[in-house]
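Peer 1: The file below is query_1.txt, compact mmCIF, C-alpha atoms:
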```txt
# COMPACT_ATOMS: atom_id res chain seq x y z
CA MET T 1 -17.57 -1.56 -59.79
CA ARG T 2 -17.20 -1.18 -56.04
CA GLN T 3 -18.30 1.95 -54.19
CA VAL T 4 -16.27 3.83 -51.58
CA VAL T 5 -18.52 4.98 -48.74
CA ALA T 6 -17.10 7.34 -46.11
CA ALA T 7 -18.97 7.10 -42.79
CA THR T 8 -17.86 10.08 -40.72
CA PHE T 9 -18.68 11.87 -37.47
CA LEU T 10 -18.44 15.60 -38.05
CA SER T 11 -18.68 18.84 -36.05
CA LEU T 12 -20.44 21.88 -37.50
CA ASP T 13 -17.07 23.36 -38.43
CA GLY T 14 -16.01 20.19 -40.24
CA VAL T 15 -13.73 18.57 -37.63
CA MET T 16 -13.62 14.76 -37.57
CA GLN T 17 -10.70 14.21 -35.18
CA ALA T 18 -11.01 11.89 -32.15
CA PRO T 19 -14.79 11.52 -31.89
CA GLY T 20 -14.62 8.43 -29.68
CA GLY T 21 -12.47 9.24 -26.66
CA PRO T 22 -9.94 11.64 -25.03
CA GLU T 23 -6.90 9.48 -25.86
CA GLU T 24 -7.96 8.58 -29.39
CA ASP T 25 -5.96 11.23 -31.29
CA VAL T 26 -4.26 14.17 -29.57
CA ARG T 27 -2.24 15.38 -32.58
CA GLY T 28 -1.90 19.14 -32.74
CA GLY T 29 -2.82 19.45 -29.07
CA PHE T 30 -6.42 18.38 -29.74
CA SER T 31 -8.14 18.33 -26.34
CA HIS T 32 -11.78 17.55 -27.17
CA GLY T 33 -11.52 13.82 -27.85
CA GLY T 34 -14.78 11.99 -27.20
CA TRP T 35 -16.97 14.89 -28.32
CA THR T 36 -19.68 12.60 -29.76
CA PHE T 37 -20.40 10.77 -26.49
CA PRO T 38 -22.93 13.18 -24.87
CA TYR T 39 -25.13 13.16 -27.98
CA TRP T 40 -25.63 9.43 -28.44
CA ASP T 41 -29.18 8.08 -28.61
CA GLU T 42 -31.12 5.08 -29.89
CA ALA T 43 -31.88 6.64 -33.28
CA MET T 44 -28.17 7.05 -34.00
CA GLY T 45 -27.54 3.43 -33.10
CA GLU T 46 -30.25 2.35 -35.52
CA VAL T 47 -28.74 4.36 -38.39
CA ILE T 48 -25.29 2.92 -37.73
CA GLY T 49 -26.73 -0.58 -37.54
CA LYS T 50 -28.41 -0.07 -40.89
CA GLY T 51 -25.12 1.03 -42.42
CA PHE T 52 -23.43 -2.16 -41.22
CA ALA T 53 -26.27 -4.42 -42.37
CA GLU T 54 -24.95 -4.68 -45.94
CA GLU T 55 -21.82 -6.58 -46.82
CA PHE T 56 -18.65 -4.47 -46.73
CA ASP T 57 -14.89 -4.46 -46.58
CA LEU T 58 -13.21 -1.89 -44.37
CA LEU T 59 -10.92 0.78 -45.79
CA LEU T 60 -8.66 2.31 -43.15
CA GLY T 61 -5.70 4.61 -42.66
CA ARG T 62 -3.00 3.30 -40.38
CA ARG T 63 -3.90 5.41 -37.34
CA THR T 64 -7.57 4.42 -37.44
CA TYR T 65 -6.56 0.81 -38.02
CA ASP T 66 -4.44 0.85 -34.85
CA ILE T 67 -7.33 2.37 -32.85
CA PHE T 68 -9.75 -0.27 -34.13
CA ALA T 69 -7.27 -3.15 -33.74
CA ALA T 70 -6.78 -2.25 -30.08
CA HIS T 71 -10.55 -2.36 -29.44
CA TRP T 72 -12.74 -4.49 -31.69
CA PRO T 73 -10.91 -7.84 -31.39
CA TYR T 74 -11.48 -7.57 -27.63
CA ALA T 75 -15.13 -6.49 -27.73
CA GLY T 76 -16.60 -9.98 -27.48
CA ASP T 77 -19.90 -10.63 -29.25
CA ASP T 78 -20.75 -6.96 -29.82
CA PRO T 79 -22.53 -6.94 -33.22
CA ILE T 80 -20.18 -4.33 -34.68
CA ALA T 81 -17.15 -6.25 -33.42
CA VAL T 82 -18.40 -9.41 -35.09
CA ARG T 83 -18.79 -7.61 -38.44
CA PHE T 84 -15.48 -5.74 -38.19
CA ASN T 85 -13.48 -8.78 -37.13
CA ALA T 86 -14.87 -10.84 -40.02
CA ALA T 87 -14.47 -8.12 -42.68
CA THR T 88 -11.42 -7.75 -44.88
CA LYS T 89 -9.47 -4.70 -43.74
CA TYR T 90 -7.60 -2.79 -46.47
CA VAL T 91 -5.02 -0.60 -44.73
CA ALA T 92 -2.90 2.25 -46.06
CA THR T 93 0.39 1.64 -44.27
CA SER T 94 4.15 1.66 -44.76
CA GLN T 95 4.56 -1.16 -42.20
CA PRO T 96 2.55 -4.12 -43.54
CA GLN T 97 4.42 -6.59 -41.36
CA THR T 98 2.80 -5.09 -38.25
CA LEU T 99 -0.82 -5.68 -39.27
CA SER T 100 -1.88 -8.18 -36.61
CA TRP T 101 -5.69 -7.94 -36.81
CA GLN T 102 -7.21 -10.86 -38.67
CA ASN T 103 -8.11 -10.42 -42.35
CA SER T 104 -5.88 -7.36 -42.78
CA VAL T 105 -4.43 -6.50 -46.21
CA ALA T 106 -1.84 -3.76 -46.73
CA LEU T 107 -2.21 -1.18 -49.49
CA HIS T 108 1.27 -0.66 -50.90
CA GLY T 109 2.55 2.49 -52.58
CA ASP T 110 0.10 5.24 -53.52
CA PRO T 111 -3.05 4.54 -51.47
CA ALA T 112 -5.31 6.42 -53.89
CA ALA T 113 -4.06 4.30 -56.81
CA GLU T 114 -4.55 1.15 -54.75
CA VAL T 115 -8.11 2.14 -53.87
CA ALA T 116 -8.86 3.01 -57.50
CA ALA T 117 -7.74 -0.51 -58.45
CA LEU T 118 -9.92 -2.04 -55.72
CA LYS T 119 -12.93 -0.11 -57.02
CA ARG T 120 -12.53 -1.69 -60.44
CA LYS T 121 -12.84 -5.19 -58.99
CA ASP T 122 -15.95 -7.09 -57.93
CA GLY T 123 -16.84 -7.16 -54.26
CA PRO T 124 -18.78 -5.44 -51.51
CA LYS T 125 -18.65 -1.73 -50.80
CA LEU T 126 -15.47 -0.29 -49.32
CA LEU T 127 -16.50 1.29 -46.02
CA LEU T 128 -14.12 4.08 -45.04
CA GLN T 129 -14.08 4.77 -41.30
CA GLY T 130 -12.23 7.69 -39.72
CA SER T 131 -8.86 7.88 -41.49
CA SER T 132 -8.63 11.64 -42.10
CA GLN T 133 -5.30 11.43 -43.95
CA LEU T 134 -6.47 8.68 -46.28
CA ILE T 135 -9.69 10.60 -46.93
CA GLN T 136 -7.66 13.58 -48.20
CA ALA T 137 -5.82 11.37 -50.69
CA LEU T 138 -9.10 9.92 -51.96
CA LEU T 139 -10.84 13.30 -52.18
CA ALA T 140 -7.97 14.64 -54.26
CA ARG T 141 -8.64 11.85 -56.79
CA ASP T 142 -12.47 12.02 -56.56
CA LEU T 143 -12.68 8.41 -55.36
CA ILE T 144 -15.39 8.73 -52.69
CA ASP T 145 -18.84 7.88 -54.02
CA GLN T 146 -20.95 8.44 -50.93
CA PHE T 147 -20.76 10.17 -47.55
CA GLU T 148 -22.74 8.92 -44.57
CA LEU T 149 -22.38 11.83 -42.17
CA MET T 150 -23.41 12.37 -38.58
CA ILE T 151 -23.20 16.12 -38.05
CA PHE T 152 -23.06 17.09 -34.38
CA PRO T 153 -24.35 20.41 -33.01
CA LEU T 154 -21.06 21.77 -31.73
CA VAL T 155 -18.01 23.70 -32.98
CA LEU T 156 -14.52 22.42 -32.11
CA GLY T 157 -12.41 25.27 -33.49
CA LYS T 158 -9.35 23.17 -34.33
CA GLY T 159 -8.62 19.65 -35.44
CA ARG T 160 -8.39 17.52 -38.55
CA ARG T 161 -11.18 18.29 -40.99
CA LEU T 162 -13.07 16.15 -43.47
CA PHE T 163 -12.61 18.41 -46.50
CA GLY T 164 -9.06 19.67 -46.93
CA GLN T 165 -7.46 21.99 -49.47
CA GLY T 166 -6.91 19.22 -52.01
CA THR T 167 -10.60 18.36 -52.30
CA LEU T 168 -11.88 18.39 -55.87
CA PRO T 169 -15.12 20.27 -56.59
CA GLY T 170 -18.17 18.07 -57.07
CA ALA T 171 -21.91 17.91 -56.50
CA PHE T 172 -23.68 15.50 -54.18
CA LYS T 173 -27.31 14.46 -53.87
CA LEU T 174 -29.00 14.05 -50.49
CA VAL T 175 -30.57 10.58 -50.58
CA GLU T 176 -31.56 10.11 -46.94
CA SER T 177 -31.66 12.17 -43.76
CA SER T 178 -32.96 12.12 -40.20
CA THR T 179 -32.29 13.87 -36.89
CA SER T 180 -31.56 12.38 -33.49
CA SER T 181 -33.22 13.46 -30.27
CA THR T 182 -29.99 15.29 -29.39
CA GLY T 183 -29.86 17.34 -32.60
CA VAL T 184 -27.44 15.23 -34.60
CA ILE T 185 -28.18 15.39 -38.33
CA MET T 186 -27.70 12.01 -40.01
CA ALA T 187 -27.41 12.49 -43.76
CA THR T 188 -26.35 10.36 -46.71
CA TYR T 189 -24.95 12.16 -49.74
CA ARG T 190 -24.21 10.42 -53.05
CA ARG T 191 -21.87 11.73 -55.75
CA ASP T 192 -23.92 13.53 -58.39
CA GLY T 193 -21.71 14.93 -61.14
CA ALA T 194 -19.95 18.25 -61.49
CA VAL T 195 -20.67 21.57 -59.81
CA THR T 196 -23.14 23.67 -61.79
CA ALA T 197 -23.55 27.42 -61.28
CA GLY T 198 -25.88 30.23 -62.24
CA SER T 199 -26.51 33.84 -61.34
CA PHE T 200 -29.21 35.89 -59.64
CA ALA T 201 -27.84 39.04 -61.25
CA HIS T 202 -29.72 40.91 -63.96
CA ASP T 203 -28.87 40.10 -67.57
CA GLU T 204 -27.86 43.72 -68.11
CA PRO T 205 -25.66 44.78 -65.15
CA SER T 206 -25.77 48.34 -63.91
CA PRO T 207 -22.76 50.65 -64.29
CA ALA T 208 -22.16 50.23 -60.55
CA GLU T 209 -22.15 46.43 -60.95
CA ILE T 210 -19.69 46.65 -63.86
CA ALA T 211 -17.41 48.84 -61.77
CA ARG T 212 -17.65 46.41 -58.87
CA ARG T 213 -16.69 43.48 -61.09
CA GLU T 214 -13.71 45.33 -62.47
CA LYS T 215 -12.58 46.27 -58.98
CA PHE T 216 -12.88 42.72 -57.66
CA ALA T 217 -11.14 41.31 -60.75
CA ALA T 218 -8.19 43.62 -60.16
CA GLU T 219 -7.95 42.41 -56.56
CA ALA T 220 -8.04 38.70 -57.47
```
Mind converting the file's structure to structure tokens?

Peer 2:
Amino acid sequence: MRQVVAATFLSLDGVMQAPGGPEEDVRGGFSHGGWTFPYWDEAMGEVIGKGFAEEFDLLLGRRTYDIFAAHWPYAGDDPIAVRFNAATKYVATSQPQTLSWQNSVALHGDPAAEVAALKRKDGPKLLLQGSSQLIQALLARDLIDQFELMIFPLVLGKGRRLFGQGTLPGAFKLVESSTSSTGVIMATYRRDGAVTAGSFAHDEPSPAEIARREKFAAEA
């Protein structure tokens, strides 16, 4: 069974919109495009290189596909360009006839159902890059197995976020982490079952605690 791995740049307040440049994605009046640039260092490049070392197919929403297709085919012998150009690109789109980048395959109909079908087949991991809208559809069906996050030390206030309202509850296990010289936390989280809960409260609650619970229950 194939794994879906979401590799995402993220602000402290969960925004993933337009990390690469000012013109990348200005939806909603977003004016902070390119917010990752000042933090880049060699350690981050090494982590990204490691992530691309294994075989993968790309999984992309249409907007991210268009951004990539306007850049990577023209990036010469850049190592990432070589890998991206050679990889199969699975694209959630309603306009399959306009996919001009080599090795592009359209996902028809419900993208989450299409990705679920891809996961059941043999093949390399499905590497999800950017694609905030597609991510929401996959989170709502619990189809993302692993997150490879780069968490940047800044707050953006507005913008498209990684975890939307349709996200299903779930637990993740931290399997690897490091920090760049600029304070970027690079962490890999793998799906690890359901959410479990407990309580720090006493087994026998006080009368005040019982009253508090009743009050809060009435307000729910």

Peer 1: Could you tell me how far atom CA of Ala117 of chain T lies from atom CA of Phe68 of chain T, in Å and to one decimal?

Peer 2: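 Here the two named atoms are 24.4 Å from each other.
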
Peer 1: Give me the residues of segment 70-142 of chain T that have any atom at most 8 Å from an atom of segment 168-179 of chain T; for each, the nearest atom pair and the distance in Å, rounded to one decimal. Use all atoms listed in the file, sort by chain and number, and format it as a Markdown table.

Peer 2:
```
| residue | atom | partner | partner_atom | distance |
| --- | --- | --- | --- | --- |
| T:Leu139 | CA | T:Leu168 | CA | 6.4 |
| T:Ala140 | CA | T:Leu168 | CA | 5.7 |
| T:Arg141 | CA | T:Leu168 | CA | 7.4 |
| T:Asp142 | CA | T:Leu168 | CA | 6.4 |
```

Peer 1: Got a sec: who's within 6 Å of segment 19-24 of chain T, counting all atoms listed in the file, leaving out chain neighbours fewer than 5 positions off, as a list in words?

Peer 2: Gly33, Gly34, Trp35 and Thr36 of chain T

Peer 1: Please report the interatomic distance between atom CA of Thr88 of chain T and atom CA of Leu162 of chain T in Å with one decimal.

Peer 2: 24.0 Å

Peer 1: Please measure the separation of atom CA of Phe152 of chain T and atom CA of Gln129 of chain T, giving the value in Å to one decimal.

Peer 2: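 About the pair atom CA of Phe152 of chain T and atom CA of Gln129 of chain T: they are 16.7 Å apart.
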
Peer 1: Listing only residues of segment 22-81 of chain T within 12 Å of segment 111-114 of chain T, what is the closest atom pair and its distance in Å (to one decimal) for each, using all atoms listed in the file, sorted by chain and residue number ascending, as JSON lines?

Peer 2:
```
{"residue": "T:Leu59", "atom": "CA", "partner": "T:Pro111", "partner_atom": "CA", "distance": 10.4}
{"residue": "T:Leu60", "atom": "CA", "partner": "T:Pro111", "partner_atom": "CA", "distance": 10.3}
{"residue": "T:Gly61", "atom": "CA", "partner": "T:Pro111", "partner_atom": "CA", "distance": 9.2}
{"residue": "T:Arg62", "atom": "CA", "partner": "T:Pro111", "partner_atom": "CA", "distance": 11.2}
```

Peer 1: Do you know which residues are at most 7 Å from Arg160 of chain T counting all atoms listed in the file, after dropping those on the same chain fewer than 3 positions away, and could you put them as a PyMOL selection string?

Peer 2: chain T and resi 15-17+132

Peer 1: Would you pick out the contacts of Glu148 of chain T at 12 Å or less, using only C-alpha atoms, so that residues sharing its chain but fewer than 4 positions from it are not included, and give the list as a PyMOL selection string?

Peer 2: chain T and resi 4-10+47-48+50-52+127-130+144+172-178+185-191

Peer 1: Just want the 9 Å neighbourhood of Ala106 of chain T, counted on only C-alpha atoms, with same-chain residues fewer than 6 positions away dropped. Output as an NGL selection string.

Peer 2: :T and (89-97 or 99)

Peer 1: Just need the box for segment 155-170 of chain T, edges along x, y and z, holding every atom the file lists for it with 5 Å tacked onto each side, so centre and edge lengths in Å to one decimal, as JSON.

Peer 2:
```
{"center_x": -12.5, "center_y": 20.7, "center_z": -44.6, "size_x": 21.3, "size_y": 19.1, "size_z": 35.0}
```

Peer 1: Give the answer as one residue: which of T:Lys158, T:Ser199, T:Glu46, T:Ala208 has the shortest atom-to-atom distance to Gly29 of chain T, using only C-alpha atoms?

Peer 2: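 Result for the nearest residue to Gly29 of chain T: T:Lys158.
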
Peer 1: Closest to Met1 of chain T among T:Gly123, T:Ala81, T:Lys215, T:Trp72, using all atoms listed in the file?

Peer 2: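 Distance minimum relative to Met1 of chain T lands on T:Gly123.
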
Peer 1: Tell me, as a list in words, which residues lie within 8 Å of Lys125 of chain T, counting all atoms listed in the file; anything in the same chain fewer than 3 positions away does not count.

Peer 2: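 Selected residues are Arg2, Gln3, Val4, Val5, Glu55, Phe56 and Asp57 of chain T.
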
Peer 1: Of the candidates T:Pro153, T:Pro73, T:Pro124, T:Pro38, which shows the shortest atom-to-atom distance to Ala86 of chain T, using all atoms listed in the file?

Peer 2: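 Nearest to Ala86 of chain T: T:Pro73.
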
Peer 1: Please check which residues have atoms at most 9 Å from (-13.7, 24.0, -39.8) in the file's coordinates, counting all atoms listed in the file, and write them as JSON, numbers by chain.

Peer 2: {"T": [11, 12, 13, 14, 15, 155, 156, 157, 158, 159, 160, 161, 162, 163]}

Peer 1: Using only C-alpha atoms, can you tell me which of T:Tyr65, T:Tyr39, T:Phe216, T:Tyr74 comes closest to Ser104 of chain T?

Peer 2: T:Tyr65
